Each structure stands twice: as C-alpha cells, then as structure tokens.
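File shown here: start16.cif, holding mmCIF, N, CA and C atoms and all ligand atoms.
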data_coords
loop_
_atom_site.label_atom_id
_atom_site.label_comp_id
_atom_site.auth_asym_id
_atom_site.auth_seq_id
_atom_site.Cartn_x
_atom_site.Cartn_y
_atom_site.Cartn_z
N MET A 24 -6.08 21.86 98.19
CA MET A 24 -6.19 22.78 97.04
C MET A 24 -6.33 21.98 95.73
N THR A 25 -7.25 22.40 94.91
CA THR A 25 -7.51 21.70 93.65
C THR A 25 -6.54 22.20 92.57
N PRO A 26 -5.84 21.28 91.95
CA PRO A 26 -4.94 21.73 90.87
C PRO A 26 -5.74 22.17 89.65
N MET A 27 -5.19 23.11 88.92
CA MET A 27 -5.82 23.55 87.68
C MET A 27 -5.83 22.40 86.67
N GLU A 28 -6.98 22.16 86.09
CA GLU A 28 -7.09 21.04 85.17
C GLU A 28 -6.96 21.49 83.71
N ASP A 29 -5.91 22.22 83.44
CA ASP A 29 -5.81 22.70 82.07
C ASP A 29 -4.55 22.17 81.38
N ASP A 30 -4.09 21.01 81.84
CA ASP A 30 -2.89 20.42 81.24
C ASP A 30 -3.05 20.21 79.74
N ASP A 31 -4.18 19.63 79.36
CA ASP A 31 -4.39 19.35 77.94
C ASP A 31 -5.32 20.37 77.29
N GLY A 32 -5.72 21.38 78.05
CA GLY A 32 -6.55 22.43 77.46
C GLY A 32 -8.02 22.06 77.36
N GLN A 33 -8.38 20.84 77.70
CA GLN A 33 -9.76 20.41 77.51
C GLN A 33 -10.77 21.20 78.34
N PRO A 34 -10.60 21.28 79.67
CA PRO A 34 -11.61 22.03 80.44
C PRO A 34 -11.71 23.48 79.98
N ALA A 35 -10.59 24.07 79.63
CA ALA A 35 -10.63 25.46 79.15
C ALA A 35 -11.41 25.53 77.85
N TYR A 36 -11.21 24.55 76.99
CA TYR A 36 -11.92 24.54 75.73
C TYR A 36 -13.42 24.41 75.96
N TYR A 37 -13.81 23.48 76.84
CA TYR A 37 -15.24 23.28 77.07
C TYR A 37 -15.87 24.50 77.74
N ALA A 38 -15.12 25.14 78.61
CA ALA A 38 -15.64 26.36 79.24
C ALA A 38 -15.85 27.45 78.20
N ALA A 39 -14.86 27.61 77.32
CA ALA A 39 -14.97 28.64 76.28
C ALA A 39 -16.12 28.32 75.34
N ARG A 40 -16.26 27.03 75.04
CA ARG A 40 -17.30 26.59 74.13
C ARG A 40 -18.69 26.86 74.72
N SER A 41 -18.87 26.55 76.00
CA SER A 41 -20.19 26.75 76.59
C SER A 41 -20.49 28.24 76.76
N THR A 42 -19.44 29.04 76.99
CA THR A 42 -19.64 30.50 77.04
C THR A 42 -20.17 31.00 75.70
N LEU A 43 -19.53 30.55 74.63
CA LEU A 43 -19.96 30.98 73.29
C LEU A 43 -21.36 30.47 72.98
N ALA A 44 -21.63 29.22 73.34
CA ALA A 44 -22.95 28.65 73.05
C ALA A 44 -24.04 29.43 73.78
N ALA A 45 -23.74 29.88 75.00
CA ALA A 45 -24.72 30.66 75.75
C ALA A 45 -24.87 32.05 75.14
N ARG A 46 -23.74 32.64 74.76
CA ARG A 46 -23.75 34.01 74.22
C ARG A 46 -24.49 34.07 72.90
N TYR A 47 -24.39 33.01 72.12
CA TYR A 47 -25.00 33.01 70.79
C TYR A 47 -26.05 31.93 70.65
N GLY A 48 -26.71 31.64 71.78
CA GLY A 48 -27.77 30.63 71.78
C GLY A 48 -28.90 30.95 70.83
N HIS A 49 -29.17 32.27 70.63
CA HIS A 49 -30.25 32.65 69.72
C HIS A 49 -29.92 32.28 68.28
N LEU A 50 -28.64 32.04 67.99
CA LEU A 50 -28.24 31.61 66.65
C LEU A 50 -28.13 30.09 66.57
N VAL A 51 -28.52 29.42 67.65
CA VAL A 51 -28.46 27.96 67.73
C VAL A 51 -27.04 27.49 67.41
N LEU A 52 -26.08 28.11 68.06
CA LEU A 52 -24.68 27.75 67.89
C LEU A 52 -24.43 26.36 68.47
N LYS A 53 -23.88 25.49 67.63
CA LYS A 53 -23.61 24.11 68.06
C LYS A 53 -22.20 23.72 67.66
N PHE A 54 -21.59 22.93 68.53
CA PHE A 54 -20.24 22.43 68.24
C PHE A 54 -20.31 20.92 68.05
N THR A 55 -19.55 20.45 67.08
CA THR A 55 -19.47 19.01 66.85
C THR A 55 -18.00 18.59 66.90
N HIS A 56 -17.73 17.61 67.74
CA HIS A 56 -16.36 17.14 67.87
C HIS A 56 -15.92 16.41 66.60
N ALA A 57 -14.62 16.46 66.36
CA ALA A 57 -14.08 15.80 65.16
C ALA A 57 -14.44 14.32 65.10
N TYR A 58 -14.57 13.66 66.25
CA TYR A 58 -14.93 12.24 66.25
C TYR A 58 -16.31 12.02 65.64
N LEU A 59 -17.18 13.04 65.78
CA LEU A 59 -18.58 12.86 65.39
C LEU A 59 -18.93 13.56 64.09
N SER A 60 -18.08 14.44 63.62
CA SER A 60 -18.45 15.23 62.45
C SER A 60 -18.21 14.45 61.17
N ASP A 61 -18.95 14.81 60.13
CA ASP A 61 -18.80 14.14 58.84
C ASP A 61 -17.44 14.44 58.21
N SER A 62 -16.95 15.64 58.46
CA SER A 62 -15.72 16.06 57.80
C SER A 62 -14.47 15.51 58.50
N GLY A 63 -14.64 15.01 59.72
CA GLY A 63 -13.48 14.58 60.48
C GLY A 63 -12.73 15.73 61.12
N GLN A 64 -13.28 16.93 60.97
CA GLN A 64 -12.70 18.11 61.62
C GLN A 64 -13.63 18.56 62.74
N HIS A 65 -13.12 19.43 63.59
CA HIS A 65 -13.99 20.06 64.58
C HIS A 65 -14.88 21.05 63.85
N GLU A 66 -16.18 20.98 64.14
CA GLU A 66 -17.12 21.81 63.41
C GLU A 66 -17.97 22.63 64.36
N ALA A 67 -18.37 23.79 63.86
CA ALA A 67 -19.37 24.60 64.55
C ALA A 67 -20.37 25.06 63.50
N SER A 68 -21.63 25.16 63.89
CA SER A 68 -22.62 25.67 62.96
C SER A 68 -23.60 26.53 63.73
N TRP A 69 -24.17 27.47 63.03
CA TRP A 69 -25.15 28.36 63.63
C TRP A 69 -25.99 28.92 62.51
N ILE A 70 -27.09 29.57 62.87
CA ILE A 70 -27.96 30.16 61.86
C ILE A 70 -27.16 31.21 61.11
N GLY A 71 -26.97 30.99 59.83
CA GLY A 71 -26.26 31.96 59.01
C GLY A 71 -24.79 31.67 58.83
N GLY A 72 -24.27 30.58 59.41
CA GLY A 72 -22.85 30.34 59.22
C GLY A 72 -22.40 28.99 59.74
N ALA A 73 -21.15 28.70 59.46
CA ALA A 73 -20.54 27.46 59.92
C ALA A 73 -19.04 27.62 59.86
N ALA A 74 -18.33 26.81 60.63
CA ALA A 74 -16.87 26.86 60.61
C ALA A 74 -16.35 25.47 60.91
N ARG A 75 -15.17 25.17 60.37
CA ARG A 75 -14.53 23.92 60.73
C ARG A 75 -13.02 24.14 60.80
N ALA A 76 -12.39 23.36 61.65
CA ALA A 76 -10.95 23.53 61.85
C ALA A 76 -10.36 22.22 62.35
N ASP A 77 -9.03 22.13 62.21
CA ASP A 77 -8.35 20.90 62.63
C ASP A 77 -8.22 20.81 64.14
N THR A 78 -8.13 21.95 64.79
CA THR A 78 -7.98 21.93 66.25
C THR A 78 -9.13 22.69 66.89
N GLU A 79 -9.40 22.33 68.14
CA GLU A 79 -10.47 23.00 68.88
C GLU A 79 -10.15 24.47 69.07
N HIS A 80 -8.88 24.75 69.35
CA HIS A 80 -8.46 26.13 69.57
C HIS A 80 -8.72 26.98 68.33
N GLU A 81 -8.38 26.41 67.18
CA GLU A 81 -8.58 27.11 65.93
C GLU A 81 -10.08 27.35 65.66
N LEU A 82 -10.87 26.34 65.99
CA LEU A 82 -12.31 26.45 65.78
C LEU A 82 -12.90 27.58 66.63
N LEU A 83 -12.48 27.65 67.88
CA LEU A 83 -12.96 28.74 68.75
C LEU A 83 -12.60 30.09 68.16
N ALA A 84 -11.36 30.19 67.64
CA ALA A 84 -10.93 31.46 67.05
C ALA A 84 -11.79 31.82 65.85
N LEU A 85 -12.13 30.82 65.04
CA LEU A 85 -12.97 31.08 63.86
C LEU A 85 -14.37 31.53 64.26
N VAL A 86 -14.94 30.85 65.26
CA VAL A 86 -16.29 31.21 65.70
C VAL A 86 -16.29 32.62 66.28
N ARG A 87 -15.28 32.91 67.11
CA ARG A 87 -15.21 34.26 67.70
C ARG A 87 -15.08 35.32 66.61
N ALA A 88 -14.25 35.04 65.62
CA ALA A 88 -14.08 36.01 64.53
C ALA A 88 -15.40 36.21 63.80
N ALA A 89 -16.12 35.12 63.56
CA ALA A 89 -17.39 35.24 62.84
C ALA A 89 -18.41 36.04 63.64
N MET A 90 -18.35 35.92 64.96
CA MET A 90 -19.31 36.61 65.81
C MET A 90 -18.83 38.02 66.19
N GLY A 91 -17.61 38.37 65.84
CA GLY A 91 -17.06 39.64 66.29
C GLY A 91 -16.81 39.65 67.78
N ASP A 92 -16.42 38.50 68.30
CA ASP A 92 -16.27 38.32 69.75
C ASP A 92 -14.78 38.29 70.08
N CYS A 93 -14.35 39.15 71.01
CA CYS A 93 -12.95 39.19 71.37
C CYS A 93 -12.56 38.01 72.26
N GLY A 94 -13.57 37.32 72.81
CA GLY A 94 -13.28 36.17 73.66
C GLY A 94 -13.03 36.54 75.12
N GLY A 95 -13.09 37.82 75.44
CA GLY A 95 -12.84 38.24 76.81
C GLY A 95 -14.03 37.99 77.71
N ASP A 96 -13.75 37.92 79.02
CA ASP A 96 -14.83 37.71 79.98
C ASP A 96 -15.78 38.91 80.02
N GLY A 97 -15.28 40.07 79.64
CA GLY A 97 -16.10 41.28 79.71
C GLY A 97 -16.94 41.51 78.47
N HIS A 98 -16.92 40.54 77.56
CA HIS A 98 -17.69 40.68 76.32
C HIS A 98 -19.13 40.27 76.60
N LEU A 99 -19.92 41.22 77.08
CA LEU A 99 -21.26 40.90 77.56
C LEU A 99 -22.32 41.67 76.78
N TRP A 100 -23.36 40.95 76.43
CA TRP A 100 -24.51 41.57 75.77
C TRP A 100 -25.56 41.86 76.84
N VAL A 101 -25.93 43.13 76.95
CA VAL A 101 -26.88 43.55 77.96
C VAL A 101 -28.20 43.91 77.29
N THR A 102 -29.29 43.35 77.79
CA THR A 102 -30.60 43.64 77.21
C THR A 102 -31.02 45.05 77.57
N GLU A 103 -31.32 45.85 76.53
CA GLU A 103 -31.72 47.23 76.74
C GLU A 103 -33.24 47.38 76.66
N ASP A 104 -33.85 46.62 75.79
CA ASP A 104 -35.27 46.80 75.55
C ASP A 104 -35.85 45.52 74.95
N ILE A 105 -37.12 45.30 75.22
CA ILE A 105 -37.84 44.19 74.59
C ILE A 105 -39.11 44.77 74.02
N LYS A 106 -39.32 44.60 72.72
CA LYS A 106 -40.56 45.11 72.14
C LYS A 106 -41.16 44.12 71.16
N ARG A 107 -42.38 44.42 70.78
CA ARG A 107 -43.12 43.57 69.87
C ARG A 107 -42.62 43.77 68.45
N ASP A 108 -42.43 42.68 67.72
CA ASP A 108 -42.01 42.77 66.33
C ASP A 108 -43.14 43.37 65.51
N PRO A 109 -42.93 44.53 64.88
CA PRO A 109 -44.03 45.17 64.14
C PRO A 109 -44.48 44.33 62.94
N SER A 110 -43.61 43.47 62.43
CA SER A 110 -43.98 42.68 61.25
C SER A 110 -44.57 41.33 61.61
N ASP A 111 -44.47 40.92 62.87
CA ASP A 111 -45.06 39.64 63.27
C ASP A 111 -45.36 39.71 64.76
N SER A 112 -46.66 39.82 65.07
CA SER A 112 -47.03 40.08 66.46
C SER A 112 -46.78 38.89 67.38
N ASP A 113 -46.43 37.73 66.81
CA ASP A 113 -46.08 36.59 67.65
C ASP A 113 -44.64 36.66 68.13
N ASN A 114 -43.87 37.57 67.55
CA ASN A 114 -42.45 37.65 67.90
C ASN A 114 -42.16 38.86 68.77
N ALA A 115 -41.20 38.68 69.66
CA ALA A 115 -40.67 39.79 70.43
C ALA A 115 -39.27 40.09 69.91
N LEU A 116 -38.90 41.37 69.93
CA LEU A 116 -37.56 41.78 69.54
C LEU A 116 -36.79 42.15 70.81
N ILE A 117 -35.66 41.51 71.00
CA ILE A 117 -34.83 41.80 72.16
C ILE A 117 -33.65 42.64 71.69
N ILE A 118 -33.60 43.86 72.17
CA ILE A 118 -32.52 44.77 71.76
C ILE A 118 -31.42 44.71 72.81
N GLN A 119 -30.23 44.33 72.37
CA GLN A 119 -29.11 44.19 73.29
C GLN A 119 -27.96 45.07 72.83
N ARG A 120 -27.22 45.56 73.82
CA ARG A 120 -26.06 46.39 73.54
C ARG A 120 -24.82 45.70 74.10
N LEU A 121 -23.75 45.74 73.32
CA LEU A 121 -22.50 45.12 73.74
C LEU A 121 -21.76 46.05 74.70
N LYS A 122 -21.46 45.51 75.88
CA LYS A 122 -20.65 46.28 76.83
C LYS A 122 -19.34 45.53 76.99
N CYS A 123 -18.35 45.95 76.24
CA CYS A 123 -17.07 45.26 76.30
C CYS A 123 -15.95 46.30 76.27
N PRO A 124 -15.00 46.20 77.21
CA PRO A 124 -13.92 47.18 77.22
C PRO A 124 -13.00 47.07 76.01
N ASP A 125 -13.03 45.92 75.34
CA ASP A 125 -12.09 45.68 74.25
C ASP A 125 -12.71 45.79 72.86
N CYS A 126 -14.03 45.98 72.80
CA CYS A 126 -14.70 45.99 71.50
C CYS A 126 -15.48 47.28 71.33
N PRO A 127 -15.64 47.73 70.07
CA PRO A 127 -16.49 48.90 69.83
C PRO A 127 -17.93 48.60 70.21
N GLN A 128 -18.64 49.65 70.62
CA GLN A 128 -20.05 49.49 70.98
C GLN A 128 -20.85 49.03 69.79
N GLN A 129 -21.71 48.10 70.01
CA GLN A 129 -22.62 47.70 68.95
C GLN A 129 -23.92 47.20 69.55
N GLU A 130 -24.90 47.07 68.68
CA GLU A 130 -26.23 46.67 69.10
C GLU A 130 -26.63 45.45 68.30
N ARG A 131 -27.41 44.59 68.91
CA ARG A 131 -27.97 43.49 68.13
C ARG A 131 -29.43 43.33 68.51
N VAL A 132 -30.19 42.80 67.58
CA VAL A 132 -31.61 42.57 67.81
C VAL A 132 -31.88 41.08 67.62
N ILE A 133 -32.41 40.46 68.65
CA ILE A 133 -32.74 39.05 68.61
C ILE A 133 -34.24 38.92 68.45
N THR A 134 -34.66 38.17 67.44
CA THR A 134 -36.08 37.90 67.27
C THR A 134 -36.42 36.60 67.97
N LEU A 135 -37.41 36.65 68.82
CA LEU A 135 -37.77 35.50 69.63
C LEU A 135 -39.26 35.24 69.47
N TYR A 136 -39.59 33.98 69.20
CA TYR A 136 -41.01 33.63 69.14
C TYR A 136 -41.58 33.72 70.55
N HIS A 137 -42.48 34.66 70.77
CA HIS A 137 -42.94 34.94 72.13
C HIS A 137 -44.32 35.58 72.05
N PRO A 138 -45.36 34.74 71.82
CA PRO A 138 -46.71 35.31 71.69
C PRO A 138 -47.25 35.87 73.00
N GLN A 139 -46.72 35.43 74.13
CA GLN A 139 -47.17 35.96 75.42
C GLN A 139 -46.71 37.40 75.56
N PRO A 140 -47.40 38.18 76.39
CA PRO A 140 -46.96 39.57 76.59
C PRO A 140 -45.54 39.62 77.16
N THR A 141 -44.75 40.58 76.67
CA THR A 141 -43.45 40.83 77.26
C THR A 141 -43.66 41.45 78.64
N PRO A 142 -42.63 41.48 79.49
CA PRO A 142 -42.80 42.11 80.81
C PRO A 142 -43.32 43.54 80.71
N ALA A 143 -42.82 44.29 79.72
CA ALA A 143 -43.27 45.68 79.56
C ALA A 143 -44.75 45.72 79.18
N GLU A 144 -45.13 44.83 78.27
CA GLU A 144 -46.54 44.80 77.85
C GLU A 144 -47.44 44.38 79.00
N ALA A 145 -46.99 43.42 79.79
CA ALA A 145 -47.79 42.96 80.92
C ALA A 145 -48.02 44.10 81.91
N SER A 146 -46.97 44.90 82.15
CA SER A 146 -47.15 45.98 83.13
C SER A 146 -48.01 47.10 82.53
N GLN A 147 -47.92 47.29 81.21
CA GLN A 147 -48.80 48.27 80.55
C GLN A 147 -50.26 47.85 80.67
N GLU A 148 -50.48 46.53 80.46
CA GLU A 148 -51.85 46.03 80.56
C GLU A 148 -52.39 46.21 81.97
N ARG A 149 -51.52 45.96 82.95
CA ARG A 149 -51.96 46.16 84.34
C ARG A 149 -52.29 47.62 84.58
N ALA A 150 -51.44 48.51 84.02
CA ALA A 150 -51.66 49.94 84.23
C ALA A 150 -52.96 50.39 83.59
N SER A 151 -53.23 49.94 82.34
CA SER A 151 -54.44 50.39 81.68
C SER A 151 -55.68 49.76 82.33
N ALA A 152 -55.53 48.53 82.85
CA ALA A 152 -56.65 47.92 83.56
C ALA A 152 -56.95 48.71 84.82
N ALA A 153 -55.91 49.16 85.50
CA ALA A 153 -56.10 49.96 86.71
C ALA A 153 -56.75 51.29 86.36
N MET A 154 -56.40 51.85 85.21
CA MET A 154 -56.95 53.12 84.80
C MET A 154 -58.45 53.00 84.51
N GLU A 155 -58.83 51.85 83.91
CA GLU A 155 -60.24 51.67 83.57
C GLU A 155 -61.11 51.57 84.82
N THR A 156 -60.61 50.89 85.83
CA THR A 156 -61.40 50.78 87.05
C THR A 156 -61.48 52.11 87.77
N ASP A 157 -60.53 52.98 87.52
CA ASP A 157 -60.46 54.27 88.20
C ASP A 157 -61.03 55.34 87.28
N SER A 158 -62.28 55.15 86.80
CA SER A 158 -62.79 55.96 85.70
C SER A 158 -63.21 57.35 86.14
N GLY A 159 -63.22 57.64 87.40
CA GLY A 159 -63.60 58.96 87.86
C GLY A 159 -62.59 60.03 87.50
N LYS A 160 -61.32 59.63 87.35
CA LYS A 160 -60.28 60.61 87.07
C LYS A 160 -59.93 60.62 85.58
N PRO A 161 -59.42 61.72 85.08
CA PRO A 161 -59.02 61.75 83.66
C PRO A 161 -57.87 60.76 83.42
N ALA A 162 -57.94 60.07 82.28
CA ALA A 162 -56.94 59.05 81.97
C ALA A 162 -55.71 59.68 81.35
N GLY A 163 -54.61 59.40 81.91
CA GLY A 163 -53.34 59.84 81.34
C GLY A 163 -53.04 61.29 81.63
N PRO A 164 -51.81 61.68 81.40
CA PRO A 164 -51.43 63.09 81.64
C PRO A 164 -52.00 63.98 80.56
N SER A 165 -52.38 65.20 80.91
CA SER A 165 -52.87 66.11 79.90
C SER A 165 -51.68 66.77 79.22
N GLY A 166 -51.80 66.89 77.91
CA GLY A 166 -50.61 67.31 77.19
C GLY A 166 -50.71 68.70 76.73
ZN ZN B 201 -15.21 42.07 73.33
#
Transcribe the structure of this file into structure tokens.
Amino acid sequence: MTPMEDDDGQPAYYAARSTLAARYGHLVLKFTHAYLSDSGQHEASWIGGAARADTEHELLALVRAAMGDCGGDGHLWVTEDIKRDPSDSDNALIIQRLKCPDCPQQERVITLYHPQPTPAEASQERASAAMETDSGKPAGPSG
C-alpha cells in the first residue's frame, strides 16, 4: 500500500495548482515559485490579474477567490455551445456553464483563436453540401 504523500503538503499543492491551471488555462494562469519570482513571494499571474503570497496555500486561496472558485472537485465548467465570434470571424466563442454544488450557477465565454470550422459549423457544411447534391427535393423544412 502506498502511503499518502502529503506530509509537507507539496503533492497536494501541486495537484491543486495543476487543477487550477487547467481550469483557467484560457486565462494563461501561471504559477511562479518563490525561489524564481522577482518578489521573493509565491506568485500567480493570468490575463487580467495577478496575486502573490508568502505561502503556497495562501496563494491558492487568493487565486481561487479571484476566479470565484470554491476549490471543490465538483467545480466544473461544462461546455454548452461553441459559436463564431460575430466581431471577429477568426475567433470561436466557447460558452461554458458552471456546474458546482457549492457555487451559484454562472456562465463564462472563452474567446479562442480558431479560424477552422467549429464542430457545429463542420456538420452544418456537411448538411448543406448534402442538400445541394440532393437538388430534386425542396431544401429545408417548409415554414
Ligand atoms: Zn464551486
């Protein structure tokens, strides 16, 4: 049996850190250890914000607070829809909804540089291509 390696809190910290980095990857969330940071404190930075603290635990708490993240395992962002950014056709908008038993429902929109067709667009293109080859029948439902 493998003993739990959380005597000094390090593995737990790194697990929590990588969870946050994955959850907020679209914000380019990065952590810098106190050994490497200019301030000599533990630092985190992301698009639109930054935090620093004397301890790793404190830093995680600050980042979670900034993100509105309760830190629970059930704090999951589920993709609801992907659509084309109306203001920039090279971007896709990813609409996600928070499904968390401990947090109020909320929505976020991630802008992603994605000039290729989204899955929905690709299937629409396939559908319209199929419709064109099938020109004998009326296109689309009659309204
Ligand atoms: Zn939550």
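Pocket residues of ligand ZN 201 (chain B), taken as those with any atom at most 8 Å away using only C-alpha atoms and all ligand atoms, are Gly91, Asp92, Cys93, Gly94, Gly95, Asp96, Gly97, His98, Leu99, Leu121, Lys122, Cys123, Pro124, Asp125, Cys126 and Pro127 of chain A.
Every protein or nucleic acid residue with an atom no more than 6.5 Å from region 53-68 of chain A, counting only N, CA and C atoms and leaving out same-chain residues fewer than 4 positions away, appears here: Ala44, Gly72, Ala73, Ala74, Arg75, Ala76, Asp77, Thr78, Glu79 and Leu82 of chain A.
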* **Per-residue DSSP, chain A, filtered to strand (DSSP E), as a PyMOL selection string** => chain A and resi 53-55+65-69+72-76+99-107+114-122+130-136
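Pairwise distance (atom N of Leu52 (chain A), atom N of Trp69 (chain A)) equals 5.4 Å.
For the residues A:Tyr36, A:Ser112, A:Glu81, A:Tyr136, ranking by smallest atom-to-atom distance to His49 (chain A) using only C-alpha atoms places A:Tyr136 first.
For the pair atom N of Pro140 (chain A) and atom C of Val101 (chain A), the separation is 20.1 Å.
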* What does the distance between CA of Arg107 (chain A) and CA of Ala89 (chain A) come to in Å, to one decimal place? -> 27.9 Å
If you run DSSP over the backbone, which residues in region 45-93 of chain A end up alpha helix (DSSP H)? Put them as a PDB file with N, CA and C atoms, in the coordinates of the input.
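Here's the written file states_4.pdb:
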ATOM      1  N   ALA A  45     -23.740  29.880  75.000  1.00  0.00           N
ATOM      2  CA  ALA A  45     -24.720  30.660  75.750  1.00  0.00           C
ATOM      3  C   ALA A  45     -24.870  32.050  75.140  1.00  0.00           C
ATOM      4  N   ARG A  46     -23.740  32.640  74.760  1.00  0.00           N
ATOM      5  CA  ARG A  46     -23.750  34.010  74.220  1.00  0.00           C
ATOM      6  C   ARG A  46     -24.490  34.070  72.900  1.00  0.00           C
ATOM      7  N   GLU A  79      -9.400  22.330  68.140  1.00  0.00           N
ATOM      8  CA  GLU A  79     -10.470  23.000  68.880  1.00  0.00           C
ATOM      9  C   GLU A  79     -10.150  24.470  69.070  1.00  0.00           C
ATOM     10  N   HIS A  80      -8.880  24.750  69.350  1.00  0.00           N
ATOM     11  CA  HIS A  80      -8.460  26.130  69.570  1.00  0.00           C
ATOM     12  C   HIS A  80      -8.720  26.980  68.330  1.00  0.00           C
ATOM     13  N   GLU A  81      -8.380  26.410  67.180  1.00  0.00           N
ATOM     14  CA  GLU A  81      -8.580  27.110  65.930  1.00  0.00           C
ATOM     15  C   GLU A  81     -10.080  27.350  65.660  1.00  0.00           C
ATOM     16  N   LEU A  82     -10.870  26.340  65.990  1.00  0.00           N
ATOM     17  CA  LEU A  82     -12.310  26.450  65.780  1.00  0.00           C
ATOM     18  C   LEU A  82     -12.900  27.580  66.630  1.00  0.00           C
ATOM     19  N   LEU A  83     -12.480  27.650  67.880  1.00  0.00           N
ATOM     20  CA  LEU A  83     -12.960  28.740  68.750  1.00  0.00           C
ATOM     21  C   LEU A  83     -12.600  30.090  68.160  1.00  0.00           C
ATOM     22  N   ALA A  84     -11.360  30.190  67.640  1.00  0.00           N
ATOM     23  CA  ALA A  84     -10.930  31.460  67.050  1.00  0.00           C
ATOM     24  C   ALA A  84     -11.790  31.820  65.850  1.00  0.00           C
ATOM     25  N   LEU A  85     -12.130  30.820  65.040  1.00  0.00           N
ATOM     26  CA  LEU A  85     -12.970  31.080  63.860  1.00  0.00           C
ATOM     27  C   LEU A  85     -14.370  31.530  64.260  1.00  0.00           C
ATOM     28  N   VAL A  86     -14.940  30.850  65.260  1.00  0.00           N
ATOM     29  CA  VAL A  86     -16.290  31.210  65.700  1.00  0.00           C
ATOM     30  C   VAL A  86     -16.290  32.620  66.280  1.00  0.00           C
ATOM     31  N   ARG A  87     -15.280  32.910  67.110  1.00  0.00           N
ATOM     32  CA  ARG A  87     -15.210  34.260  67.700  1.00  0.00           C
ATOM     33  C   ARG A  87     -15.080  35.320  66.610  1.00  0.00           C
ATOM     34  N   ALA A  88     -14.250  35.040  65.620  1.00  0.00           N
ATOM     35  CA  ALA A  88     -14.080  36.010  64.530  1.00  0.00           C
ATOM     36  C   ALA A  88     -15.400  36.210  63.800  1.00  0.00           C
ATOM     37  N   ALA A  89     -16.120  35.120  63.560  1.00  0.00           N
ATOM     38  CA  ALA A  89     -17.390  35.240  62.840  1.00  0.00           C
ATOM     39  C   ALA A  89     -18.410  36.040  63.640  1.00  0.00           C
ATOM     40  N   MET A  90     -18.350  35.920  64.960  1.00  0.00           N
ATOM     41  CA  MET A  90     -19.310  36.610  65.810  1.00  0.00           C
ATOM     42  C   MET A  90     -18.830  38.020  66.190  1.00  0.00           C
TER      43      MET A  90
END
* Nearest-residue call for Gln139 (chain A), choices A:Leu85, A:Ala35, A:Ala45, A:Ala115, using only C-alpha atoms -> A:Ala115
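Of the residues under consideration (A:Ala88, A:Ile117, A:Ile70, A:Ala38), A:Ile70 shows the shortest atom-to-atom contact distance to Leu50 (chain A) when counting all atoms listed in the file.
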* **Residue contacts of Ile118 (chain A) (9 Å, only C-alpha atoms) excluding same-chain residues fewer than 3 positions away, as a PyMOL selection string** => chain A and resi 101-106+130-134
